[in-house]
Structure formats: C-alpha cells, structure tokens
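data.cif follows (mmCIF, C-alpha atoms):
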data_protein
#
loop_
_atom_site.label_atom_id
_atom_site.label_comp_id
_atom_site.auth_asym_id
_atom_site.auth_seq_id
_atom_site.Cartn_x
_atom_site.Cartn_y
_atom_site.Cartn_z
CA MET A 921 75.95 101.79 109.62
CA PHE A 922 77.91 99.16 107.71
CA ARG A 923 78.89 95.87 109.32
CA THR A 924 82.28 96.05 107.56
CA PHE A 925 84.17 98.93 105.96
CA GLU A 926 87.24 98.28 103.80
CA ASN A 927 89.05 101.40 102.58
CA ALA A 928 91.36 101.10 99.58
CA GLU A 929 93.55 103.97 100.85
CA LEU A 930 94.99 104.84 97.44
CA THR A 931 98.52 105.66 98.59
CA ALA A 932 100.52 103.06 96.69
CA ASP A 933 102.33 103.77 93.41
CA THR A 934 99.94 102.48 90.74
CA PHE A 935 102.35 102.19 87.79
CA GLY A 936 101.65 98.98 85.89
CA LEU A 937 98.22 98.40 87.43
CA SER A 938 95.08 97.90 85.38
CA HIS A 939 91.50 97.52 86.58
CA VAL A 940 89.31 95.28 84.45
CA THR A 941 85.59 94.54 84.58
CA VAL A 942 84.28 91.53 82.68
CA LYS A 943 81.00 89.69 82.44
CA SER A 944 81.59 86.28 83.98
CA LYS A 945 79.66 83.28 82.66
CA ALA A 946 80.51 81.35 85.81
CA LEU A 947 79.03 84.04 88.04
CA GLY A 948 76.29 85.25 85.72
CA ARG A 949 77.24 88.88 86.32
CA ARG A 950 80.06 91.38 86.07
CA ALA A 951 83.25 90.89 88.07
CA ASP A 952 86.41 92.92 88.66
CA VAL A 953 90.12 92.16 88.50
CA THR A 954 93.16 94.30 89.29
CA ALA A 955 96.17 93.26 87.21
CA PHE A 956 99.84 94.13 87.38
CA ILE A 957 101.65 94.02 84.04
CA PRO A 958 105.36 94.77 84.53
CA LYS A 959 107.10 96.82 81.87
CA GLY A 960 109.33 95.20 79.29
CA LEU A 961 107.19 92.18 78.39
CA GLU A 962 106.91 93.03 74.69
CA ALA A 963 109.59 90.56 73.51
CA LEU A 964 108.68 87.79 75.97
CA ALA A 965 106.42 84.77 75.74
CA ASN A 966 105.01 82.28 78.23
CA VAL A 967 105.36 84.73 81.12
CA PRO A 968 104.04 83.20 84.37
CA VAL A 969 100.61 84.22 85.62
CA VAL A 970 100.18 84.54 89.39
CA THR A 971 96.65 84.84 90.78
CA LEU A 972 96.36 86.39 94.25
CA LEU A 973 93.14 85.84 96.21
CA HIS A 974 91.90 88.24 98.88
CA GLY A 975 90.15 87.46 102.17
CA VAL A 976 86.68 88.14 103.57
CA PHE A 977 85.26 91.66 103.34
CA GLY A 978 87.78 92.58 100.61
CA SER A 979 87.75 92.92 96.85
CA HIS A 980 90.01 92.99 93.79
CA TRP A 981 91.95 96.07 94.92
CA ALA A 982 92.98 94.63 98.31
CA TRP A 983 96.26 92.96 97.33
CA ALA A 984 97.41 96.05 95.43
CA PHE A 985 96.28 98.91 97.63
CA LYS A 986 96.50 97.29 101.07
CA GLY A 987 99.16 94.65 100.33
CA GLU A 988 101.25 96.51 97.73
CA ALA A 989 101.72 93.21 95.92
CA HIS A 990 102.82 94.90 92.69
CA LEU A 991 105.53 96.82 94.54
CA THR A 992 106.85 93.59 96.07
CA ALA A 993 106.85 91.89 92.68
CA ARG A 994 108.49 94.88 90.98
CA ALA A 995 111.28 95.01 93.58
CA LEU A 996 111.99 91.28 93.25
CA MET A 997 112.06 91.55 89.48
CA SER A 998 114.40 94.53 89.55
CA GLN A 999 116.77 92.51 91.75
CA LYS A 1000 116.40 89.57 89.34
CA LEU A 1001 115.22 87.36 92.19
CA ILE A 1002 112.13 86.39 90.23
CA PRO A 1003 111.46 86.40 86.48
CA PRO A 1004 108.84 88.71 84.95
CA MET A 1005 105.41 87.73 86.26
CA VAL A 1006 101.91 89.03 85.65
CA LEU A 1007 99.78 89.37 88.77
CA LEU A 1008 96.00 88.92 88.61
CA MET A 1009 94.07 90.01 91.68
CA PRO A 1010 90.37 89.14 91.20
CA SER A 1011 87.41 89.81 93.41
CA ASP A 1012 85.94 86.65 94.92
CA GLY A 1013 82.65 87.40 93.18
CA LEU A 1014 81.42 89.72 95.94
CA TRP A 1015 78.86 87.36 97.47
CA GLY A 1016 77.92 88.43 101.01
CA ASP A 1017 80.92 88.86 103.28
CA GLY A 1018 82.87 86.36 101.19
CA SER A 1019 82.05 83.64 98.67
CA GLY A 1020 84.70 81.23 99.90
CA TYR A 1021 85.63 80.81 96.22
CA ILE A 1022 83.33 77.78 96.37
CA ALA A 1023 80.63 76.69 93.94
CA HIS A 1024 77.21 77.91 95.15
CA ALA A 1025 73.81 76.78 93.98
CA ASP A 1026 73.45 79.89 91.81
CA ALA A 1027 77.03 80.66 90.78
CA ASP A 1028 80.37 78.88 90.40
CA TYR A 1029 82.95 80.98 92.23
CA GLU A 1030 85.73 78.45 91.77
CA LYS A 1031 85.20 78.23 88.00
CA TRP A 1032 85.52 82.01 87.92
CA ILE A 1033 89.00 81.74 89.47
CA VAL A 1034 90.33 78.60 87.80
CA GLU A 1035 88.96 78.95 84.27
CA GLU A 1036 88.02 82.56 83.62
CA VAL A 1037 90.47 84.78 85.52
CA PRO A 1038 93.66 83.49 83.79
CA THR A 1039 92.28 84.43 80.37
CA ILE A 1040 92.30 88.08 81.45
CA ALA A 1041 96.11 87.98 81.39
CA TYR A 1042 96.00 86.68 77.81
CA ALA A 1043 93.78 89.62 76.84
CA LEU A 1044 96.01 92.20 78.56
CA THR A 1045 99.38 91.13 77.18
CA SER A 1046 100.64 88.93 74.36
CA ALA A 1047 103.42 87.82 76.72
CA CYS A 1048 100.91 85.49 78.42
CA SER A 1049 98.98 82.64 76.83
CA SER A 1050 97.30 79.37 77.67
CA VAL A 1051 100.73 77.76 77.97
CA SER A 1052 102.01 80.27 80.53
CA PRO A 1053 102.79 78.55 83.84
CA ARG A 1054 100.13 79.38 86.41
CA PHE A 1055 100.49 79.90 90.15
CA LEU A 1056 97.89 80.54 92.85
CA ALA A 1057 98.23 82.22 96.26
CA GLY A 1058 95.95 83.87 98.77
CA LEU A 1059 95.44 85.12 102.29
CA SER A 1060 92.91 83.92 104.89
CA MET A 1061 89.79 82.97 102.87
CA GLY A 1062 91.96 83.35 99.78
CA GLY A 1063 94.55 81.02 101.33
CA PHE A 1064 91.81 78.46 101.86
CA ALA A 1065 90.90 78.77 98.20
CA ALA A 1066 94.49 78.67 96.93
CA LEU A 1067 95.30 75.39 98.69
CA ARG A 1068 91.90 73.83 98.05
CA LEU A 1069 91.61 74.79 94.38
CA GLY A 1070 95.21 73.80 93.73
CA ALA A 1071 94.43 70.35 95.15
CA LYS A 1072 91.11 70.05 93.35
CA PHE A 1073 92.53 71.17 89.99
CA PRO A 1074 96.16 70.01 90.23
CA SER A 1075 96.89 70.26 86.51
CA ALA A 1076 95.92 73.95 86.47
CA TYR A 1077 98.78 75.23 88.67
CA ARG A 1078 102.51 74.62 88.93
CA ALA A 1079 102.54 75.67 92.59
CA ILE A 1080 100.23 77.05 95.28
CA SER A 1081 100.85 79.11 98.40
CA ALA A 1082 98.82 80.46 101.31
CA HIS A 1083 99.26 83.01 104.06
CA SER A 1084 97.18 82.68 107.25
CA ALA A 1085 94.83 80.22 105.60
CA VAL A 1086 91.39 79.33 106.82
CA THR A 1087 91.55 75.53 106.62
CA ASN A 1088 87.86 74.61 106.50
CA VAL A 1089 84.48 76.22 105.94
CA ALA A 1090 83.52 75.96 109.62
CA GLN A 1091 86.20 78.55 110.44
CA LEU A 1092 85.02 80.74 107.59
CA THR A 1093 81.37 80.77 108.60
CA LYS A 1094 82.36 82.28 111.95
CA LEU A 1095 83.57 85.36 110.07
CA ILE A 1096 80.57 85.93 107.80
CA GLU A 1097 76.96 86.62 108.65
CA ASP A 1098 75.43 85.15 105.48
CA ASP A 1099 73.61 81.83 105.14
CA THR A 1100 75.91 79.29 103.46
CA ALA A 1101 73.19 76.72 102.80
CA GLY A 1102 73.69 77.08 99.04
CA TRP A 1103 77.41 76.32 99.16
CA SER A 1104 78.70 73.00 97.84
CA SER A 1105 78.75 70.39 100.61
CA ASN A 1106 81.32 68.19 98.87
CA PRO A 1107 84.09 67.44 101.41
CA SER A 1108 86.74 68.63 98.96
CA ASP A 1109 84.94 72.00 98.84
CA GLN A 1110 84.65 72.26 102.60
CA ASP A 1111 88.13 71.33 103.80
CA ILE A 1112 91.67 71.76 102.46
CA PHE A 1113 92.97 68.41 103.67
CA ALA A 1114 89.95 66.58 102.25
CA ALA A 1115 90.65 68.22 98.89
CA MET A 1116 94.28 67.13 99.03
CA ARG A 1117 93.40 63.58 100.00
CA SER A 1118 90.93 63.25 97.13
CA ALA A 1119 93.15 64.93 94.53
CA HIS A 1120 93.17 63.37 91.09
CA GLY A 1121 96.71 63.53 89.82
CA LYS A 1122 99.96 64.84 91.24
CA LEU A 1123 99.53 67.83 93.54
CA PRO A 1124 101.22 71.11 92.65
CA SER A 1125 104.18 72.19 94.76
CA ILE A 1126 102.79 73.52 98.05
CA ARG A 1127 103.83 76.02 100.70
CA PHE A 1128 101.93 77.88 103.40
CA ASP A 1129 102.66 79.98 106.47
CA CYS A 1130 100.90 81.44 109.48
CA GLY A 1131 101.70 84.10 112.04
CA THR A 1132 102.60 83.07 115.55
CA GLU A 1133 100.04 85.56 116.91
CA ASP A 1134 97.29 84.45 114.52
CA ALA A 1135 94.15 82.76 115.89
CA LEU A 1136 94.35 80.39 112.90
CA LEU A 1137 97.77 79.08 113.96
CA PRO A 1138 96.44 75.87 115.58
CA ALA A 1139 94.43 75.03 112.47
CA ASN A 1140 97.44 75.61 110.23
CA ARG A 1141 99.62 73.47 112.46
CA GLU A 1142 97.02 70.72 112.31
CA LEU A 1143 96.92 70.90 108.50
CA HIS A 1144 100.71 70.72 108.37
CA GLN A 1145 100.73 67.70 110.70
CA LYS A 1146 98.04 65.88 108.72
CA MET A 1147 99.88 66.49 105.47
CA ALA A 1148 103.16 65.31 106.96
CA SER A 1149 101.56 62.15 108.35
CA HIS A 1150 100.20 61.33 104.89
CA ASP A 1151 103.49 62.11 103.13
CA LEU A 1152 102.08 65.10 101.28
CA ILE A 1153 105.22 67.08 100.45
CA HIS A 1154 105.02 70.75 101.34
CA ILE A 1155 106.77 73.69 103.00
CA TYR A 1156 105.24 75.10 106.18
CA GLU A 1157 106.51 78.15 108.06
CA GLU A 1158 105.50 79.90 111.27
CA LEU A 1159 106.48 83.56 111.20
CA SER A 1160 106.17 86.47 113.57
CA GLY A 1161 102.93 88.38 113.22
CA GLY A 1162 99.15 88.26 113.30
CA HIS A 1163 96.20 88.09 110.95
CA ASP A 1164 96.63 91.48 109.31
CA TRP A 1165 98.02 93.37 106.36
CA ASP A 1166 101.36 94.04 108.06
CA TYR A 1167 101.91 90.28 108.05
CA TRP A 1168 100.68 89.64 104.51
CA LYS A 1169 102.53 92.60 103.03
CA SER A 1170 105.74 91.48 104.75
CA ASN A 1171 105.55 87.88 103.59
CA LEU A 1172 104.13 87.87 100.07
CA HIS A 1173 107.69 87.76 98.75
CA ARG A 1174 107.91 84.21 100.10
CA SER A 1175 105.18 83.08 97.73
CA LEU A 1176 106.69 84.84 94.73
CA LEU A 1177 110.18 83.48 95.43
CA PHE A 1178 108.69 80.01 95.86
CA PHE A 1179 106.91 80.27 92.52
CA ALA A 1180 110.11 81.47 90.88
CA SER A 1181 112.03 78.49 92.28
CA ILE A 1182 109.41 76.07 90.95
CA GLY A 1183 109.30 77.72 87.55
CA LYS A 1184 113.04 77.92 86.90
CA GLY A 1185 112.79 75.43 84.09
CA VAL A 1186 110.20 77.53 82.27
CA ASP A 1187 111.41 79.64 79.36
CA ALA A 1188 109.90 83.11 79.75
CA ASN A 1189 112.44 84.65 77.41
CA ALA A 1190 111.46 83.19 74.08
CA SER A 1191 110.51 85.61 71.36
CA THR A 1192 106.80 85.85 70.52
#
Go through the file and emit its structure as structure tokens.
Amino acid sequence: MFRTFENAELTADTFGLSHVTVKSKALGRRADVTAFIPKGLEALANVPVVTLLHGVFGSHWAWAFKGEAHLTARALMSQKLIPPMVLLMPSDGLWGDGSGYIAHADADYEKWIVEEVPTIAYALTSACSSVSPRFLAGLSMGGFAALRLGAKFPSAYRAISAHSAVTNVAQLTKLIEDDTAGWSSNPSDQDIFAAMRSAHGKLPSIRFDCGTEDALLPANRELHQKMASHDLIHIYEELSGGHDWDYWKSNLHRSLLFFASIGKGVDANAST
C-alpha cells in the first residue's frame, strides 16, 4: 500500500503542453517540467514566463492535469485579459513527500526553481529569453515557495502569488513523514515572513489568498497582519473554499490577472 496516491486523471485538453526531462545540476539528477506554450508566439519577443509550483505529494503534471492551468491561461488570453504567457510547471525535485523547494544538504531545490527552470522556456520557444519578465506562483507548499523565493531573490521576479500557502516549515513537516534534518535552517528558508523581513532589495509585487474553509486560514491571516504591520505592500484575499483542487482551479486566474497588471509596461509584441 502507498501512503499517498496522486492520479493525473488525463482528461484535460493537452493542446500546447510539452513534457520535458532535464538533468539538473542543482539536484544532481533528472527532473521533469510540464510547459504550456500558447500558439502564435512566433513573431513575439520577451514573452512573460510564469512558473507554477505544486504542493506536497504532487509532481510536474499537477497544475495541468488537476488544475487545468493551461486552459485558464488560454481562456484569459483569448479574451485578451492577459498577454501571451508561457507557463512552466516543474516538479519540486521529488524528494520524499515534498522538498519544500528548500536547499537540502545534498541538493539545492530552490536553485532548481530560480535558476534552472526558467531556462527551459528559452529552449522551448524563441519568444522567451533571459530578459523575459518572470513571475512565480504556487499552491500550499508551492505557495510557501513562491512567496519565500520571491522575497529571497527579489530581482528574479516581477511579481509573486500564492494560493493556500503554508507559511512556515513547521506546518509543512506535519504533512510529510520524511526527516527534514538536512534542510536549510536559515530563518529565511524556514518562514515566509522572515524571508520578507531579510530581503535584500525591493520586494516583487505580492498577492496571496486562502480559502475560508482552509485549515491554513489562521496562518495566512497572521502573515497578512505581520506584513501590514511592517508596511510590506501586498494584496490579500479570503475566498470561499477549502484546501483542494476545486479552490485552486477556480482561483488561478487571480494570479495570472495580477501578473498581467504588473507587467503592462512590458513589451511582449516586439519582433524577434
């Protein structure tokens, strides 16, 4: 018997999706990414790159096949509510029940996300390059990583967003059965607010939300209150729902619209 069982349930339209396996120097092994490349990018340059991070027990296919992220993005693009965007949906490195996207003693899971994953977009389409604006979002464990990594590496992302975020490692260790002794103990790697307080440079634009029936609601409220008391500008929303794919699927558009609003000054229509 398996402790966890995540089924991809391949029912979603897969047009525009690619599955990529690379050998990661940061991880010292192979790693997988699902990417969504919308049609019509051939004449564009500097197209934004959005990285979406999954939660515990999941993998690179979760946002596409359970969250239908590419369908949400495609619909928003067709309505011209967001500009063309490339979505990158990496695995967290597949350590135990979840790596936390934190540097471990034997592998650097945050370097994988911040430094290596974006280059996959550059390899998949000439519409993206090192000057493409970058955005980071995630759910649960991935929300923890999105807010923490955005604070720790503020020059890497224009904006960051989280849905139902775990706010510190103590909450995360309750969900996984693996020994986290090898994880970085740096406060900025253990707690979102600590990362924001110790940020070097101007923070990216920030938003996050949590469901009113989510067990993580008190922790998200506390993070919001701490940020407000320290004048850390952000958007925080409480929305109907729990800690599940119905909630994340229904609210991903908020992240993509937020990213579009932040990136309005970016020219994604220049000729290559």
Open item on the list: Which residues would end up in the selection if the PyMOL selection byres ((chain A and resi 1080) around 6) were applied here, given that I need the answer as a list in words?
Closed with: Phe1055, Leu1056, Ala1057, Ala1079, Ser1081 and Ile1126 of chain A
Do you know which residues the PyMOL selection byres ((chain A and resi 1098-1103) around 10) returns on this file, as an mmCIF file with C-alpha atoms, in the coordinates of the input?
data_model
loop_
_atom_site.group_PDB
_atom_site.id
_atom_site.type_symbol
_atom_site.label_atom_id
_atom_site.label_comp_id
_atom_site.auth_asym_id
_atom_site.auth_seq_id
_atom_site.Cartn_x
_atom_site.Cartn_y
_atom_site.Cartn_z
ATOM 1 C CA TRP A 1015 78.860 87.360 97.470
ATOM 2 C CA GLY A 1016 77.920 88.430 101.010
ATOM 3 C CA ASP A 1017 80.920 88.860 103.280
ATOM 4 C CA GLY A 1018 82.870 86.360 101.190
ATOM 5 C CA SER A 1019 82.050 83.640 98.670
ATOM 6 C CA GLY A 1020 84.700 81.230 99.900
ATOM 7 C CA TYR A 1021 85.630 80.810 96.220
ATOM 8 C CA ILE A 1022 83.330 77.780 96.370
ATOM 9 C CA ALA A 1023 80.630 76.690 93.940
ATOM 10 C CA HIS A 1024 77.210 77.910 95.150
ATOM 11 C CA ALA A 1025 73.810 76.780 93.980
ATOM 12 C CA ASP A 1026 73.450 79.890 91.810
ATOM 13 C CA ALA A 1027 77.030 80.660 90.780
ATOM 14 C CA ASP A 1028 80.370 78.880 90.400
ATOM 15 C CA VAL A 1089 84.480 76.220 105.940
ATOM 16 C CA THR A 1093 81.370 80.770 108.600
ATOM 17 C CA LYS A 1094 82.360 82.280 111.950
ATOM 18 C CA LEU A 1095 83.570 85.360 110.070
ATOM 19 C CA ILE A 1096 80.570 85.930 107.800
ATOM 20 C CA GLU A 1097 76.960 86.620 108.650
ATOM 21 C CA SER A 1104 78.700 73.000 97.840
ATOM 22 C CA SER A 1105 78.750 70.390 100.610
ATOM 23 C CA ASN A 1106 81.320 68.190 98.870
ATOM 24 C CA ASP A 1109 84.940 72.000 98.840
ATOM 25 C CA GLN A 1110 84.650 72.260 102.600
#
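Residues lying within 7 Å of range 923-930 of chain A, counting only C-alpha atoms and ignoring same-chain neighbours fewer than 6 positions away, are Phe977, Gly978, Trp981, Ala982, Phe985 and Lys986 of chain A.
Checking A:Cys1130, A:Leu1001, A:Leu1007, A:Leu947 one by one against His1144 in chain A, counting all atoms listed in the file, you find the shortest gap at A:Cys1130.
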Task: 10 Å contact set for Lys1169 in chain A, only C-alpha atoms, chain neighbours under 2 positions out, as JSON, numbers by chain - done: {"A": [983, 984, 986, 987, 988, 989, 991, 992, 1164, 1165, 1166, 1167, 1171, 1172, 1173]}
Once you have the residues from the selection above, write them out as a PDB file, keeping the file's coordinate frame, restricted to C-alpha atoms.
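Ended up saving to result.pdb:
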ATOM      1  CA  TRP A 983      96.260  92.960  97.330  1.00  0.00           C
ATOM      2  CA  ALA A 984      97.410  96.050  95.430  1.00  0.00           C
ATOM      3  CA  LYS A 986      96.500  97.290 101.070  1.00  0.00           C
ATOM      4  CA  GLY A 987      99.160  94.650 100.330  1.00  0.00           C
ATOM      5  CA  GLU A 988     101.250  96.510  97.730  1.00  0.00           C
ATOM      6  CA  ALA A 989     101.720  93.210  95.920  1.00  0.00           C
ATOM      7  CA  LEU A 991     105.530  96.820  94.540  1.00  0.00           C
ATOM      8  CA  THR A 992     106.850  93.590  96.070  1.00  0.00           C
ATOM      9  CA  ASP A1164      96.630  91.480 109.310  1.00  0.00           C
ATOM     10  CA  TRP A1165      98.020  93.370 106.360  1.00  0.00           C
ATOM     11  CA  ASP A1166     101.360  94.040 108.060  1.00  0.00           C
ATOM     12  CA  TYR A1167     101.910  90.280 108.050  1.00  0.00           C
ATOM     13  CA  ASN A1171     105.550  87.880 103.590  1.00  0.00           C
ATOM     14  CA  LEU A1172     104.130  87.870 100.070  1.00  0.00           C
ATOM     15  CA  HIS A1173     107.690  87.760  98.750  1.00  0.00           C
TER      16      HIS A1173
END
- [ ] Given the file shown, enumerate the residues that the PyMOL selection byres ((chain A and resi 1136-1138) around 12) captures and present them as a VMD selection string.
- [x] chain A and resid 1059 to 1061 1063 to 1064 1083 to 1088 1091 to 1092 1128 to 1135 1139 to 1145 1156 to 1164
Task: d(CA of Ser938 in chain A, CA of Pro1004 in chain A) in Å - done: 16.6 Å
Task: Spatial neighbours of Asp952 in chain A, 8 Å, only C-alpha atoms, chain gap at least 6 places, as a ChimeraX atom specification - done: /A:939-942,980,1010-1011
Task: Interatomic distance, CA of Gly1062 in chain A to CA of Arg1127 in chain A (Å, one decimal) - done: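 Between CA of Gly1062 in chain A and CA of Arg1127 in chain A the gap is 14.0 Å.
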TODO: Give the answer as one residue: which of A:Pro1003, A:Met1009, A:Gly975, A:Met921 has the shortest atom-to-atom distance to Phe956 in chain A, using all atoms listed in the file?
DONE: A:Met1009
Task: Selection: 6 Å around Ala1071 in chain A, only C-alpha atoms, excl. self and same-chain fewer than 6 positions, as a list of chain:residue names - done: A:Ala1115, A:Met1116, A:Ala1119, A:Leu1123
TODO: Give me the residues within 8 Å of Ile957 in chain A as a list in words, counting all atoms listed in the file and dropping any in the same chain fewer than 2 places off.
DONE: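 Counting only the stated atoms, we get Gly936, Leu937, Ser938, Ala955, Lys959, Met1005, Val1006, Leu1007 and Thr1045 of chain A.
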Selected residues written out with C-alpha atoms, as an mmCIF file, keeping the file's coordinate frame:
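The resulting out-v4.cif:
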data_model
loop_
_atom_site.group_PDB
_atom_site.id
_atom_site.type_symbol
_atom_site.label_atom_id
_atom_site.label_comp_id
_atom_site.auth_asym_id
_atom_site.auth_seq_id
_atom_site.Cartn_x
_atom_site.Cartn_y
_atom_site.Cartn_z
ATOM 1 C CA GLY A 936 101.650 98.980 85.890
ATOM 2 C CA LEU A 937 98.220 98.400 87.430
ATOM 3 C CA SER A 938 95.080 97.900 85.380
ATOM 4 C CA ALA A 955 96.170 93.260 87.210
ATOM 5 C CA LYS A 959 107.100 96.820 81.870
ATOM 6 C CA MET A 1005 105.410 87.730 86.260
ATOM 7 C CA VAL A 1006 101.910 89.030 85.650
ATOM 8 C CA LEU A 1007 99.780 89.370 88.770
ATOM 9 C CA THR A 1045 99.380 91.130 77.180
#
- [ ] Take CA of Gly1058 in chain A and CA of His974 in chain A and report the distance between them in Å, one decimal.
- [x] 6.0 Å
